[in-house]
Amino acid sequence: MKTFLRRWWLPLVLLAVFPLTIVLPQTGIINPYIDLVLKYIGINIILTISLNLVNGYMGEFSVGHAGFMAIGAYVASIMTVWVFPRNLGPYIFPLALIAGGIAAGIAGLGIAFPSFRTRGDYLAIVTLAFNMIVKSVLENIEPIGGPRGFMGMDKLSSLTWVFVWVVITIFLARNFVFSKFGRGVFSIREDEIASGLVGVNTRQVKVLTFIFSAFLAGIAGGLFAHQLQFINPRSFTILKSTDMLVMVYLGGIGSLGGSILGATIFTLVMEGLRTVLQLIGISQEWRLVVAPLLLILLMIFRPKGIMGLREFRFLIPHKERPEDLAEYRKKVLATPED
Amino acid sequence: MDFYIQQVLNALQVGSVYALIALGYTMVYGILTMINFAHGDIFMVSSYIAFFFSTLLLSLALDLHPILVLIATMLTAMFGTALLAVVIERLAYKPLRTAPRISAVITALGVGLFLENFMVAFKPVGPAPRFMPSLIPAVNYTIGVVTVSTIQIVIIVVSALVMLLLDAIVRRTMVGMAMRAISSDKFIVPLMGIPVDRIISITFALGASIAAVGGTLYGMAYTLDPYMGIRIGWWAFISAVVGGIGNIRGAMIGAFILGFVEIFTPVFLPSTYRDFVAFSLLLVLLIFRPTGILGRPITQKV
């Protein structure tokens with residue numbers, strides 16, 4: 001029993017929370033505001049993990065993730081509003097999100113190619129330019145509203161869907177970074193040339209990581225669009241990308257637990273500030289000054305973030321945990337521990 | 001044909017402003033290999049300093065000569081902006097000099113956003129667009145088929161003078177020599193007794209005060225708002241990259257190319273495509289020739 005619990009407590013807890021995400025908002029135990037904040041936390045967790053894969057785990061540098069998010073948001077919205085039958089909306093919503101994610105992933109593929117040739121700040125410029133181009137293109141496509149934006153989506157992003165996608169994201173990302181492939185991702189951060197020399201196919205690793213990261217950002221964009229029910233190109237500027245950077249570097253680079261922490265803390269602080277500023281009677285515009293200031297202070301005093309390169313135990317696959325690894329070796333491989 | 005000549009003049013005007021800002025990007029990059037993303041917003045702040053100072057000066061009704069007002073405004077903006085840039089450099093960038101380069105880039109982005117959002121939230125500035133009082137009387141001269149305004153002449157002439165001056169400073173003075181030395185080898189230079197920190201601060205101050213000249217000139221011709229630094233800053237930055245970032249003459253060439261892109265895009269496409277064209281140019285250039293027109297390729301050592 002004890003070993004069973006040790007192995008399965010996390011899935012059990014998640015399974016127990018799942019019905020709560022349906023029941024609690026409906027019965028009004030979670031009021032609409034808390035519901036909204038929880039959803040934003042969820043969406044931000046997905047975004048943070050997405051950016052962390054590229055910036056934290058791979059050590060490449062993207063500052064244009066809002067561009068991927070925009071693509072996901074627009075494609076998913078177009079799917080639910082124009083393509084799929086309206087009455088099937090809630091059931092077919094995941095397909096719309098996945099379509100958005102795939103579209104963003106294709107864009108991610110496009111961004112991966114410049115990363116073969118350039119690194120560091122030049123790649124930062126490429127991704128920033130990509131962000132600007134996405135915004136500019138969206139502003140110029142009249143049928144989807146141009147600069148006015150796109151609306152008419154139903155409020156399909158329920159707390160349940162956000163919860164489910166957060167769990168899926170964390171699960172996928174965990175398996176990704178702890179796979180053999182994930183080791184390749186780490187090795188690129190440490191030293192790209194050396195990892196190429198020891199046989200890591202760095203191009204393949206970069207392409208797949210960019211696609212996966214963009215896919216997740218696209219999913220988050222779709223969820224975001226179906227929560228707000230209105231999107232316009234100005235929602236996806238550098239400002240949004242900067243929020244993601246703050247969450248990544250606050251929580252910690254190269255850490256899933258850090259991403260969860262960073263997204264949660266940042267969302268709560270920004271929401272908390274709203275109330276605080278209202279109480280002391282200062283204009284809400286000062287709220288936007290906080291995020292950049294936080295980013296600067298983080299970079300100077302703690303560039304690795306709270307969890308930098310460390311991980312919560314429950315997010316590490318069982319076979320990877322030190323004590324389990326030893327047991328596994330004894331049982332299966334029958335090799336002495338070195 | 002007349003139309004095109006007129007547009008070339010407009011392109012020169014816009015290009016001059018871009019050049020003044022692009023120089024700041026390129027100088028800082030040359031010396032620190034760091035992209036100072038806050039530079040566009042420093043330019044924005046300089047415009048506001050010029051705006052407030054000139055409004056104050058004109059409200060005093062001293063009856064000064066317009067040229068004198070312009071020079072006083074420009075010098076105040078230059079001084080104020082240089083001070084701001086040095087403070088930013090000391091507080092935000094200096095602690096990160098040994099950190100990975102990415103940290104400095106993220107910090108610079110943060111500083112830029114901070115300046116923008118601070119100006120929006122700061123009551124005396126606010127988000128509303130502002131018009132600078134006219135510093136020099138706007139007179140249109142018609143030469144043949146082309147119409148030139150005094151403002152246009154001032155912008156082009158002052159920018160050209162400043163660029164020549166900067167070129168002279170970098171090529172002929174001791175400070176300029178120290179700058180070039182730091183950009184060619186960071187590790188040997190301190191051993192030669194060159195005060196690296198001071199030279200870096202001077203570079204930031206110089207870049208910012210040139211941007212302030214641009215800010216004052218820009219304010220004379222266009223409206224000001226706290227977000228103008230994003231667009232202008234980006235276009236100037238693209239100029240610097242097109243010319244070869246780190247290369248001062250390259251930045252000037254790049255700025256005029258971008259000036260032409262800005263003015264001539266609306267001739268062929270709807271004007272809303274301007275940003276798209278400029279950023280696509282940047283993207284294509286970065287993929288195929290990351291070092292720009294005049295830049296030297298950087299070889300990576302293992």
# chains A, B, ... in the order shown; residues from 1 in each chain; ligands from 1
>>> interface_residues(of="chain B", to="chain A", cutoff="9 Å", atoms="only C-alpha atoms", output="number ranges by chain")
B: 34-35, 92-93, 95-96, 99, 101-118, 120-122, 272-277, 279-280, 282-283, 286-287, 290, 302
>>> write_last_selection(atoms="C-alpha atoms", output="short mmCIF file (atom, residue, chain, number, x, y, z; two decimals), in the first residue's frame")
data_model
loop_
_atom_site.label_atom_id
_atom_site.label_comp_id
_atom_site.auth_asym_id
_atom_site.auth_seq_id
_atom_site.Cartn_x
_atom_site.Cartn_y
_atom_site.Cartn_z
CA MET B 34 25.41 44.40 -25.89
CA ILE B 35 22.18 45.44 -27.56
CA ALA B 92 21.29 48.23 -14.39
CA TYR B 93 24.01 47.22 -16.83
CA PRO B 95 26.38 44.73 -12.38
CA LEU B 96 25.77 42.42 -15.34
CA ALA B 99 27.00 37.82 -16.45
CA ARG B 101 25.18 38.42 -22.40
CA ILE B 102 21.57 37.37 -22.46
CA SER B 103 21.03 38.74 -18.95
CA ALA B 104 22.07 42.18 -20.11
CA VAL B 105 19.79 42.01 -23.14
CA ILE B 106 16.80 41.03 -21.01
CA THR B 107 17.65 43.80 -18.56
CA ALA B 108 17.80 46.30 -21.41
CA LEU B 109 14.35 45.20 -22.60
CA GLY B 110 13.11 45.61 -19.03
CA VAL B 111 14.63 49.09 -18.75
CA GLY B 112 12.94 50.12 -22.00
CA LEU B 113 9.54 48.88 -20.90
CA PHE B 114 10.06 50.49 -17.53
CA LEU B 115 10.71 53.88 -19.14
CA GLU B 116 7.64 53.57 -21.38
CA ASN B 117 5.26 52.48 -18.66
CA PHE B 118 6.72 54.93 -16.21
CA VAL B 120 2.50 56.62 -19.15
CA ALA B 121 1.83 56.36 -15.43
CA PHE B 122 3.71 59.58 -14.57
CA THR B 272 0.24 49.69 -42.80
CA TYR B 273 2.76 47.29 -44.34
CA ARG B 274 5.72 49.49 -43.40
CA ASP B 275 6.59 47.59 -40.23
CA PHE B 276 6.16 44.32 -42.03
CA VAL B 277 8.60 45.35 -44.76
CA PHE B 279 11.11 43.65 -40.04
CA SER B 280 11.14 41.24 -42.96
CA LEU B 282 15.79 42.61 -40.81
CA LEU B 283 14.89 38.92 -40.67
CA LEU B 286 19.98 38.31 -40.19
CA ILE B 287 19.56 34.94 -41.81
CA PRO B 290 24.03 38.63 -39.94
CA VAL B 302 35.92 26.62 -29.41
#
>>> residues_around(residues="Val177 of chain A", least_positions_apart="2", cutoff="10 Å", atoms="only C-alpha atoms", output="PyMOL selection string")
chain A and resi 53+57-58+172-175+179-186+209+254-256+316
>>> select_by_dssp(residues="segment 54-128 of chain B", states="alpha helix (DSSP H)", output="PyMOL selection string")
chain B and resi 54-59+66-88+101-121
>>> select_by_dssp(residues="segment 12-253 of chain B", states="strand (DSSP E or B)", output="list in words")
Arg130, Asn140, Tyr141, Thr142, Ile143, Val146, Thr147, Val148, Ser149 and Leu224 of chain B
>>> residues_around(residues="Pro90 of chain A", least_positions_apart="2", cutoff="12 Å", atoms="only C-alpha atoms", output="PyMOL selection string")
chain A and resi 80+84-88+92-97+153-158+160-161+226
>>> atom_distance(atom1="atom CA of Leu70 of chain B", atom2="atom CA of Gly233 of chain B")
23.1 Å
>>> residues_around(residues="Val146 of chain B", least_positions_apart="6", cutoff="10 Å", atoms="only C-alpha atoms", output="compact mmCIF listing (two decimals) with N, CA and C atoms, in the first residue's frame")
# COMPACT_ATOMS: atom_id res chain seq x y z
N ASP B 2 8.85 64.73 -60.08
CA ASP B 2 8.89 65.73 -58.99
C ASP B 2 8.54 65.05 -57.68
N PHE B 3 7.51 64.19 -57.80
CA PHE B 3 7.05 63.46 -56.63
C PHE B 3 8.20 62.69 -55.99
N TYR B 4 9.00 62.03 -56.81
CA TYR B 4 10.09 61.21 -56.28
C TYR B 4 11.17 62.06 -55.64
N ILE B 5 11.48 63.20 -56.28
CA ILE B 5 12.50 64.08 -55.68
C ILE B 5 12.03 64.55 -54.31
N GLN B 6 10.76 64.93 -54.25
CA GLN B 6 10.19 65.36 -52.98
C GLN B 6 10.30 64.25 -51.94
N GLN B 7 10.01 63.03 -52.38
CA GLN B 7 10.05 61.90 -51.44
C GLN B 7 11.47 61.59 -50.99
N LEU B 9 13.73 63.73 -50.47
CA LEU B 9 14.00 64.70 -49.42
C LEU B 9 13.38 64.26 -48.10
N ASN B 140 8.05 77.58 -45.93
CA ASN B 140 8.30 76.66 -47.03
C ASN B 140 8.99 77.40 -48.17
